[in-house]
Amino acid sequence: MPAKITHFETHDVRFPTSLTGDGTDAMNRDCDYSSAYVSIYTDSDLVGHGMTFTIGRGNDIVCMAIKAVASRLIGKDTEDLFADMGKTWDWLLADPQLRWIGPEKGVIHIATGAVNNAIWDMFARKREKPLWKLVADMSPEELVRSTTFRYITDVITPEEALKMLKAIESEKEEREQKVREIGYPAYVTSAGWLAYPDDKIARLTKEALAHGFNHFKIKVGADQADDLRRGKLIRSLIDDPSLLPAGTPRRDVNSADLKGKNAGPTGSVLMIDANQVWDVQQAIDYVKGLEAIKPWFIEEPTAPDDILGHAAIRRALKPYGIGVATGEHAHNRMVFKQLLQADAIDVCQIDSCRLAGVTEVLSVLLMAKKFGVPVCPHAGGVGLCEYVIHLSLIDYICISGSMERNVLEYAEHLHEHFVHPVSINDKGRYNVPTDPHGGYSIEMRKASIAEYEWPKGSYWVGAKGK
Ligand SMILES: [Mg+2]
């Protein structure tokens with residue numbers, strides 16, 4: 001039964017995370033984690049949900065932009081859209097008037113991400129597969145057709161991408177079985193938000209250790225002495241063998257998955273994240289001063305658009321054994337292309353909805369594979385963990401073929417608002433989403449929308465919201 005798109009709804013949903021300090025870092029204070037959410041309906045019971053993430057004010061502006069992008073879909077036949085997702089994406093990006101307020105950056109681009117993700121969600125639901133499985137079951141030809149190569153053929157062509165995918169195609173099923181069994185590696189950010197007091201940091205770190213995690217990230221950049229103190233506190237816990245769950249196997253710090261990550265004696269790894277606060281030289285000087293806590297990488301040391309700045313920081317920190325990671329604010333594939341071309345990053349941190357949806361993400365996964373840089377997606381936010389597990393599974397099964405060096409961010413809040421929330425197994429790894437009707441796992445509970453929609457949801461009009 002062909003289905004035509006009839007209408008859509010947007011929701012400006014804001015969660016009051018500023019009350020607890022969740023999500024605080026050196027740049028972003030008082031964050032109310034928010035979702036600019038869209039549901040696209042058809043003349044059948046087929047529906048697609050998508051969202052992009054913001055941290056509060058301005059979420060309404062993104063919803064307006066989503067309306068501008070999604071209104072172009074009305075009357076479209078869904079099977080025509082699904083038949084060539086690359087072409088669909090090109091068309092979605094090609095409205096000349098909307099393009100002027102980008103192009104491919106800012107509010108219009110993240111809004112396009114929400115809409116593109118909703119189309120992918122709808123596609124997966126229609127085929128009764130979780131999104132990752134829909135893509136994993138595609139032939140290399142179809143996967144290549146589903147992404148975009150515009151503006152990046154100087155580093156990767158469709159023919160080259162096809163060759164890369166075919167080279168590891170025969171072991172796809174083996175990898176799928178393996179990751180279903182053991183889960184996808186994850187790391188914890190929720191212990192190290194900047195506004196958390198020491199006792200909360202210690203408690204959350206111990207809980208994460210007990211849950212099997214061995215990669216931890218803290219926010220830095222407000223005060224070097226304080227960062228060193230908090231870093232040493234976390235190091236003292238994650239390096240303490242007595243806090244590991246009983247039966248934890250000895251981890252070899254020289255194994256392929258830990259080598260070069262500055263892992264401590266228990267095989268625990270610490271990462272630090274500055275959320276863009278420094279100038280280039282400032283970043284170099286500040287991070288050198290944190291050498292004692294042995295971070296694997298500094299994330300977002302400076303402005304997200306400063307490709308050569310990241311490259312300079314990476315060169316300067318190399319003798320200290322500290323790498324550079326970035327990408328959550330890289331607004332399109334061309335920024336990633338240049339970060340890779342300039343040898344500016346050790347770790348590529350794609351964002352599921354700052355890039356314009358799955359279609360554009362696939363192009364970055366392909367480039368990262370070509371440059372041999374591991375992809376560790378950004379997921380600190382609402383809905384992002386739900387999204388990114390799908391992307392990391394696609395990366396592992398179809399594109400990079402490796403996961404043990406990778407880790408996927410995990411933030412432990414707000415999952416209860418989703419119909420198909422992510423979960424973590426007892427080894428600190430993401431479980432693989434298996435519900436054939438779960439799509440891209442981003443459908444939000446109706447009750448949550450009714451409660452937290454801004455400004456008329458029951459939470460915001462009630463006493464608590466004042
Ligand atoms: Mg970050």
# chains A, B, ... in the order shown; residues from 1 in each chain; ligands from 1

call {"tool": "closest_atom_pairs", "arguments": {"of": "chain A", "to": "ligand 1", "cutoff": "8 Å", "atoms": "only C-alpha atoms and all ligand atoms", "output": "Markdown table"}}
result
| residue | atom | partner | partner_atom_place_in_ligand_line | distance |
| --- | --- | --- | --- | --- |
| A:Asp273 | CA | ligand 1 | 1 (Mg) | 5.6 |
| A:Ala274 | CA | ligand 1 | 1 (Mg) | 7.3 |
| A:Asn275 | CA | ligand 1 | 1 (Mg) | 5.7 |
| A:Glu299 | CA | ligand 1 | 1 (Mg) | 6.2 |
| A:Glu300 | CA | ligand 1 | 1 (Mg) | 6.6 |
| A:Thr326 | CA | ligand 1 | 1 (Mg) | 7.7 |
| A:Glu328 | CA | ligand 1 | 1 (Mg) | 6.5 |
| A:His378 | CA | ligand 1 | 1 (Mg) | 6.6 |
| A:Gly380 | CA | ligand 1 | 1 (Mg) | 7.0 |

call {"tool": "residues_around", "arguments": {"residues": "A:Glu79", "least_positions_apart": "3", "cutoff": "12 Å", "atoms": "only C-alpha atoms", "output": "count of residues only"}}
result
20

call {"tool": "select_by_dssp", "arguments": {"residues": "stretch 17-91 of chain A", "states": "alpha helix (DSSP H)", "output": "ChimeraX atom specification"}}
result
/A:59-70,78-83,85-91

call {"tool": "residues_around", "arguments": {"residues": "stretch 332-334 of chain A", "least_positions_apart": "5", "cutoff": "10 Å", "atoms": "only C-alpha atoms", "output": "list in words"}}
result
Pro103, Glu104, Lys105, Gly106, His109, Ile110, Thr148, Phe149, Arg150, Tyr151, Ile152, Gly327, Leu339, Leu340, Ile350, Asp351, Arg354, Leu355, Ala356, Glu360, Val361, Leu362, Ser363, Val364, Leu365 and Met367 of chain A

call {"tool": "write_last_selection", "arguments": {"atoms": "N, CA and C atoms", "output": "mmCIF file, in the first residue's frame"}}
result
data_model
loop_
_atom_site.group_PDB
_atom_site.id
_atom_site.type_symbol
_atom_site.label_atom_id
_atom_site.label_comp_id
_atom_site.auth_asym_id
_atom_site.auth_seq_id
_atom_site.Cartn_x
_atom_site.Cartn_y
_atom_site.Cartn_z
ATOM 1 N N PRO A 103 24.081 28.199 3.989
ATOM 2 C CA PRO A 103 23.677 26.862 3.574
ATOM 3 C C PRO A 103 24.365 25.803 4.436
ATOM 4 N N GLU A 104 23.570 24.775 4.778
ATOM 5 C CA GLU A 104 24.096 23.607 5.490
ATOM 6 C C GLU A 104 24.778 23.984 6.800
ATOM 7 N N LYS A 105 24.177 24.886 7.534
ATOM 8 C CA LYS A 105 24.682 25.212 8.870
ATOM 9 C C LYS A 105 23.576 25.912 9.659
ATOM 10 N N GLY A 106 23.760 25.943 10.949
ATOM 11 C CA GLY A 106 22.849 26.708 11.799
ATOM 12 C C GLY A 106 21.474 26.084 11.925
ATOM 13 N N HIS A 109 19.898 23.883 9.248
ATOM 14 C CA HIS A 109 20.533 22.578 9.045
ATOM 15 C C HIS A 109 20.115 21.588 10.141
ATOM 16 N N ILE A 110 20.082 22.036 11.398
ATOM 17 C CA ILE A 110 19.662 21.093 12.443
ATOM 18 C C ILE A 110 18.180 20.755 12.285
ATOM 19 N N THR A 148 25.415 11.173 0.781
ATOM 20 C CA THR A 148 25.689 12.262 -0.149
ATOM 21 C C THR A 148 27.192 12.430 -0.306
ATOM 22 N N PHE A 149 27.622 12.707 -1.506
ATOM 23 C CA PHE A 149 29.055 12.927 -1.763
ATOM 24 C C PHE A 149 29.316 14.356 -2.223
ATOM 25 N N ARG A 150 28.259 15.161 -2.240
ATOM 26 C CA ARG A 150 28.439 16.525 -2.716
ATOM 27 C C ARG A 150 29.470 17.259 -1.857
ATOM 28 N N TYR A 151 30.407 17.897 -2.468
ATOM 29 C CA TYR A 151 31.476 18.686 -1.817
ATOM 30 C C TYR A 151 32.544 17.846 -1.123
ATOM 31 N N ILE A 152 32.475 16.506 -1.201
ATOM 32 C CA ILE A 152 33.536 15.727 -0.536
ATOM 33 C C ILE A 152 34.240 14.751 -1.477
ATOM 34 N N GLY A 327 33.708 17.379 17.107
ATOM 35 C CA GLY A 327 32.702 17.070 16.089
ATOM 36 C C GLY A 327 31.259 17.340 16.487
ATOM 37 N N LEU A 339 38.805 18.553 9.001
ATOM 38 C CA LEU A 339 39.441 18.075 10.244
ATOM 39 C C LEU A 339 40.287 16.837 9.943
ATOM 40 N N LEU A 340 39.753 15.965 9.088
ATOM 41 C CA LEU A 340 40.483 14.740 8.740
ATOM 42 C C LEU A 340 41.664 15.058 7.823
ATOM 43 N N ILE A 350 30.826 12.503 15.711
ATOM 44 C CA ILE A 350 29.635 12.923 14.960
ATOM 45 C C ILE A 350 28.464 13.211 15.895
ATOM 46 N N ASP A 351 27.584 14.074 15.448
ATOM 47 C CA ASP A 351 26.338 14.328 16.171
ATOM 48 C C ASP A 351 25.180 13.916 15.264
ATOM 49 N N ARG A 354 22.968 17.371 14.574
ATOM 50 C CA ARG A 354 23.542 18.643 14.134
ATOM 51 C C ARG A 354 23.885 18.501 12.649
ATOM 52 N N LEU A 355 24.444 17.338 12.303
ATOM 53 C CA LEU A 355 24.494 16.993 10.881
ATOM 54 C C LEU A 355 23.052 16.793 10.431
ATOM 55 N N ALA A 356 22.811 16.907 9.132
ATOM 56 C CA ALA A 356 21.424 16.844 8.667
ATOM 57 C C ALA A 356 20.950 15.394 8.517
ATOM 58 N N GLU A 360 23.556 12.383 5.974
ATOM 59 C CA GLU A 360 24.841 13.094 6.028
ATOM 60 C C GLU A 360 25.823 12.376 6.955
ATOM 61 N N VAL A 361 25.315 11.792 8.065
ATOM 62 C CA VAL A 361 26.195 11.060 8.990
ATOM 63 C C VAL A 361 26.935 9.943 8.244
ATOM 64 N N LEU A 362 26.223 9.231 7.370
ATOM 65 C CA LEU A 362 26.866 8.124 6.644
ATOM 66 C C LEU A 362 28.101 8.603 5.879
ATOM 67 N N SER A 363 28.011 9.806 5.323
ATOM 68 C CA SER A 363 29.164 10.310 4.551
ATOM 69 C C SER A 363 30.360 10.555 5.461
ATOM 70 N N VAL A 364 30.111 10.978 6.696
ATOM 71 C CA VAL A 364 31.219 11.217 7.640
ATOM 72 C C VAL A 364 31.802 9.879 8.112
ATOM 73 N N LEU A 365 30.937 8.902 8.347
ATOM 74 C CA LEU A 365 31.439 7.570 8.734
ATOM 75 C C LEU A 365 32.375 7.023 7.652
ATOM 76 N N MET A 367 34.158 8.775 5.461
ATOM 77 C CA MET A 367 35.431 9.519 5.441
ATOM 78 C C MET A 367 36.314 9.108 6.612
#

call {"tool": "closest_residue", "arguments": {"among": "A:Leu143, A:Ala447, A:Ala292, A:Val422", "to": "A:Gly231", "atoms": "only C-alpha atoms"}}
result
A:Ala292

call {"tool": "closest_atom_pairs", "arguments": {"of": "stretch 317-435 of chain A", "to": "stretch 174-196 of chain A", "cutoff": "7 Å", "atoms": "only C-alpha atoms", "output": "Markdown table"}}
result
| residue | atom | partner | partner_atom | distance |
| --- | --- | --- | --- | --- |
| A:Ile397 | CA | A:Arg175 | CA | 5.7 |
| A:Glu404 | CA | A:Pro185 | CA | 6.9 |
| A:Asn406 | CA | A:Pro185 | CA | 6.8 |
| A:Val407 | CA | A:Ala186 | CA | 4.7 |
| A:Leu408 | CA | A:Ala186 | CA | 4.4 |
| A:Glu409 | CA | A:Tyr187 | CA | 5.0 |
| A:Tyr410 | CA | A:Val188 | CA | 5.1 |
| A:Ala411 | CA | A:Ser190 | CA | 5.1 |
| A:Glu412 | CA | A:Ser190 | CA | 6.2 |
| A:Gly428 | CA | A:Ala186 | CA | 6.3 |
| A:Arg429 | CA | A:Pro185 | CA | 4.6 |
| A:Tyr430 | CA | A:Tyr184 | CA | 4.9 |
| A:Asn431 | CA | A:Gly183 | CA | 4.9 |
| A:Val432 | CA | A:Arg180 | CA | 5.7 |

call {"tool": "write_last_selection", "arguments": {"atoms": "C-alpha atoms", "output": "short mmCIF file (atom, residue, chain, number, x, y, z; two decimals), in the first residue's frame"}}
result
data_model
loop_
_atom_site.label_atom_id
_atom_site.label_comp_id
_atom_site.auth_asym_id
_atom_site.auth_seq_id
_atom_site.Cartn_x
_atom_site.Cartn_y
_atom_site.Cartn_z
CA ILE A 397 28.69 -3.70 10.98
CA GLU A 404 36.74 -2.17 20.39
CA ASN A 406 35.45 3.04 19.93
CA VAL A 407 33.26 4.13 22.76
CA LEU A 408 29.82 5.61 22.53
CA GLU A 409 28.86 8.35 24.97
CA TYR A 410 26.21 7.49 27.53
CA ALA A 411 24.43 10.05 29.70
CA GLU A 412 22.09 8.60 32.23
CA GLY A 428 28.83 -1.20 30.64
CA ARG A 429 27.90 -1.61 26.96
CA TYR A 430 24.85 -0.53 24.98
CA ASN A 431 22.33 -3.25 24.26
CA VAL A 432 21.37 -3.55 20.58
#

call {"tool": "closest_residue", "arguments": {"among": "A:Asp80, A:Ala26, A:Ile293, A:His437", "to": "A:Arg229", "atoms": "only C-alpha atoms"}}
result
A:Ile293

call {"tool": "select_by_dssp", "arguments": {"residues": "stretch 5-138 of chain A", "states": "strand (DSSP E or B)", "output": "list in words"}}
result
Ile5, Thr6, His7, Phe8, Glu9, Thr10, His11, Asp12, Val13, Arg14, Ser34, Ser35, Ala36, Tyr37, Val38, Ser39, Ile40, Tyr41, Thr42, Val47, Gly48, His49, Gly50, Met51, Thr52, Phe53, Thr54 and Asp77 of chain A

call {"tool": "closest_residue", "arguments": {"among": "A:His211, A:Lys318, A:Lys133, A:Arg230", "to": "A:Glu173", "atoms": "only C-alpha atoms"}}
result
A:Lys133

call {"tool": "atom_distance", "arguments": {"atom1": "atom CA of A:Pro301", "atom2": "atom CA of A:Leu384"}}
result
21.6 Å

call {"tool": "closest_residue", "arguments": {"among": "A:Gly309, A:Gly462, A:Lys172, A:Ala283", "to": "A:Gly221", "atoms": "only C-alpha atoms"}}
result
A:Ala283

call {"tool": "closest_residue", "arguments": {"among": "A:Ser441, A:Asn117, A:Gln282, A:Gln276", "to": "A:Thr302", "atoms": "only C-alpha atoms"}}
result
A:Gln276

call {"tool": "residues_around", "arguments": {"residues": "A:Gly48", "least_positions_apart": "3", "cutoff": "12 Å", "atoms": "only C-alpha atoms", "output": "ChimeraX atom specification"}}
result
/A:5-10,37-42,44-45,51,70,78,114-126,131,437-444

call {"tool": "write_last_selection", "arguments": {"atoms": "C-alpha atoms", "output": "CSV table (one decimal), in the first residue's frame"}}
result
chain,number,residue,atom,x,y,z
A,5,ILE,CA,2.6,12.3,3.5
A,6,THR,CA,-0.4,14.3,4.6
A,7,HIS,CA,0.7,16.5,7.5
A,8,PHE,CA,3.1,16.9,10.4
A,9,GLU,CA,3.3,18.2,13.9
A,10,THR,CA,6.1,19.9,15.8
A,37,TYR,CA,10.4,17.3,17.8
A,38,VAL,CA,8.6,16.4,14.7
A,39,SER,CA,6.1,13.7,13.7
A,40,ILE,CA,5.3,13.2,10.1
A,41,TYR,CA,2.0,11.5,9.2
A,42,THR,CA,0.7,9.7,6.1
A,44,SER,CA,-1.9,5.2,6.2
A,45,ASP,CA,-1.0,4.4,9.8
A,51,MET,CA,14.0,15.5,16.6
A,70,ALA,CA,8.8,19.6,6.5
A,78,THR,CA,6.8,7.7,0.8
A,114,ALA,CA,15.2,16.4,12.5
A,115,VAL,CA,13.2,16.0,9.3
A,116,ASN,CA,15.7,13.7,7.6
A,117,ASN,CA,15.8,11.5,10.7
A,118,ALA,CA,12.0,11.4,10.8
A,119,ILE,CA,12.0,10.1,7.2
A,120,TRP,CA,14.6,7.4,8.1
A,121,ASP,CA,12.5,6.5,11.2
A,122,MET,CA,9.4,6.1,8.9
A,123,PHE,CA,11.4,4.0,6.4
A,124,ALA,CA,12.6,1.7,9.1
A,125,ARG,CA,9.1,1.3,10.6
A,126,LYS,CA,7.7,0.6,7.1
A,131,LEU,CA,17.0,1.7,11.8
A,437,HIS,CA,8.6,-1.4,15.3
A,438,GLY,CA,11.1,0.9,17.1
A,439,GLY,CA,12.4,2.6,14.0
A,440,TYR,CA,15.1,5.1,15.0
A,441,SER,CA,14.1,4.8,18.7
A,442,ILE,CA,13.3,8.5,18.9
A,443,GLU,CA,9.5,8.3,19.4
A,444,MET,CA,8.7,10.3,22.6

call {"tool": "residues_around", "arguments": {"residues": "A:Val135", "least_positions_apart": "4", "cutoff": "10 Å", "atoms": "only C-alpha atoms", "output": "PyMOL selection string"}}
result
chain A and resi 120+124+129-131+139-140+142-143+146+358+390-391+393-394+397-398

call {"tool": "residues_around", "arguments": {"residues": "A:Gly372", "least_positions_apart": "4", "cutoff": "10 Å", "atoms": "only C-alpha atoms", "output": "list in words"}}
result
Leu340, Asp346, Val347, Leu366, Met367, Ala368 and Ser400 of chain A

call {"tool": "closest_residue", "arguments": {"among": "A:Lys446, A:Lys206, A:His417, A:Lys456", "to": "A:Asp240", "atoms": "only C-alpha atoms"}}
result
A:Lys206

call {"tool": "atom_distance", "arguments": {"atom1": "atom CA of A:Gln349", "atom2": "atom CA of A:Cys385"}}
result
13.1 Å

call {"tool": "decode", "arguments": {"residues": "stretch 156-212 of chain A", "atoms": "C-alpha atoms", "output": "PDB file, in the first residue's frame"}}
result
ATOM      1  CA  ILE A 156      36.062  10.146  -1.213  1.00  0.00           C
ATOM      2  CA  THR A 157      34.106   9.166  -4.309  1.00  0.00           C
ATOM      3  CA  PRO A 158      31.084   6.862  -4.452  1.00  0.00           C
ATOM      4  CA  GLU A 159      33.233   4.274  -6.268  1.00  0.00           C
ATOM      5  CA  GLU A 160      35.843   4.358  -3.525  1.00  0.00           C
ATOM      6  CA  ALA A 161      33.184   4.092  -0.813  1.00  0.00           C
ATOM      7  CA  LEU A 162      31.661   1.107  -2.577  1.00  0.00           C
ATOM      8  CA  LYS A 163      35.030  -0.617  -2.670  1.00  0.00           C
ATOM      9  CA  MET A 164      35.540  -0.009   1.044  1.00  0.00           C
ATOM     10  CA  LEU A 165      32.123  -1.401   1.929  1.00  0.00           C
ATOM     11  CA  LYS A 166      32.555  -4.452  -0.298  1.00  0.00           C
ATOM     12  CA  ALA A 167      35.933  -5.224   1.254  1.00  0.00           C
ATOM     13  CA  ILE A 168      34.297  -6.045   4.613  1.00  0.00           C
ATOM     14  CA  GLU A 169      30.841  -7.082   3.394  1.00  0.00           C
ATOM     15  CA  SER A 170      31.315 -10.826   3.786  1.00  0.00           C
ATOM     16  CA  GLU A 171      31.758 -10.598   7.602  1.00  0.00           C
ATOM     17  CA  LYS A 172      28.749  -8.348   8.188  1.00  0.00           C
ATOM     18  CA  GLU A 173      26.648 -11.117   9.655  1.00  0.00           C
ATOM     19  CA  GLU A 174      29.399 -12.263  11.979  1.00  0.00           C
ATOM     20  CA  ARG A 175      29.803  -8.743  13.342  1.00  0.00           C
ATOM     21  CA  GLU A 176      26.059  -8.364  13.773  1.00  0.00           C
ATOM     22  CA  GLN A 177      25.900 -11.575  15.816  1.00  0.00           C
ATOM     23  CA  LYS A 178      28.850 -10.512  17.932  1.00  0.00           C
ATOM     24  CA  VAL A 179      27.512  -7.088  18.832  1.00  0.00           C
ATOM     25  CA  ARG A 180      24.028  -8.463  19.546  1.00  0.00           C
ATOM     26  CA  GLU A 181      25.706 -10.774  22.017  1.00  0.00           C
ATOM     27  CA  ILE A 182      28.154  -8.479  23.813  1.00  0.00           C
ATOM     28  CA  GLY A 183      26.763  -4.989  23.185  1.00  0.00           C
ATOM     29  CA  TYR A 184      28.509  -1.841  21.943  1.00  0.00           C
ATOM     30  CA  PRO A 185      31.229  -0.199  24.116  1.00  0.00           C
ATOM     31  CA  ALA A 186      30.133   2.917  26.001  1.00  0.00           C
ATOM     32  CA  TYR A 187      31.511   5.638  28.220  1.00  0.00           C
ATOM     33  CA  VAL A 188      30.002   7.715  30.980  1.00  0.00           C
ATOM     34  CA  THR A 189      29.745  11.493  31.042  1.00  0.00           C
ATOM     35  CA  SER A 190      27.097  11.883  33.707  1.00  0.00           C
ATOM     36  CA  ALA A 191      29.577  11.578  36.590  1.00  0.00           C
ATOM     37  CA  GLY A 192      31.597  14.599  35.553  1.00  0.00           C
ATOM     38  CA  TRP A 193      29.278  17.538  34.877  1.00  0.00           C
ATOM     39  CA  LEU A 194      30.936  20.725  36.026  1.00  0.00           C
ATOM     40  CA  ALA A 195      28.339  21.795  38.575  1.00  0.00           C
ATOM     41  CA  TYR A 196      28.265  18.504  40.476  1.00  0.00           C
ATOM     42  CA  PRO A 197      29.691  18.530  44.031  1.00  0.00           C
ATOM     43  CA  ASP A 198      32.500  16.085  44.880  1.00  0.00           C
ATOM     44  CA  ASP A 199      30.339  13.631  46.816  1.00  0.00           C
ATOM     45  CA  LYS A 200      27.957  13.336  43.856  1.00  0.00           C
ATOM     46  CA  ILE A 201      30.893  12.832  41.447  1.00  0.00           C
ATOM     47  CA  ALA A 202      32.332  10.112  43.692  1.00  0.00           C
ATOM     48  CA  ARG A 203      29.001   8.356  44.106  1.00  0.00           C
ATOM     49  CA  LEU A 204      28.208   8.413  40.372  1.00  0.00           C
ATOM     50  CA  THR A 205      31.729   7.267  39.448  1.00  0.00           C
ATOM     51  CA  LYS A 206      31.503   4.301  41.829  1.00  0.00           C
ATOM     52  CA  GLU A 207      28.090   3.422  40.430  1.00  0.00           C
ATOM     53  CA  ALA A 208      29.457   3.550  36.885  1.00  0.00           C
ATOM     54  CA  LEU A 209      32.402   1.313  37.855  1.00  0.00           C
ATOM     55  CA  ALA A 210      30.013  -1.158  39.443  1.00  0.00           C
ATOM     56  CA  HIS A 211      28.033  -1.131  36.193  1.00  0.00           C
ATOM     57  CA  GLY A 212      31.109  -2.263  34.240  1.00  0.00           C
TER      58      GLY A 212
END
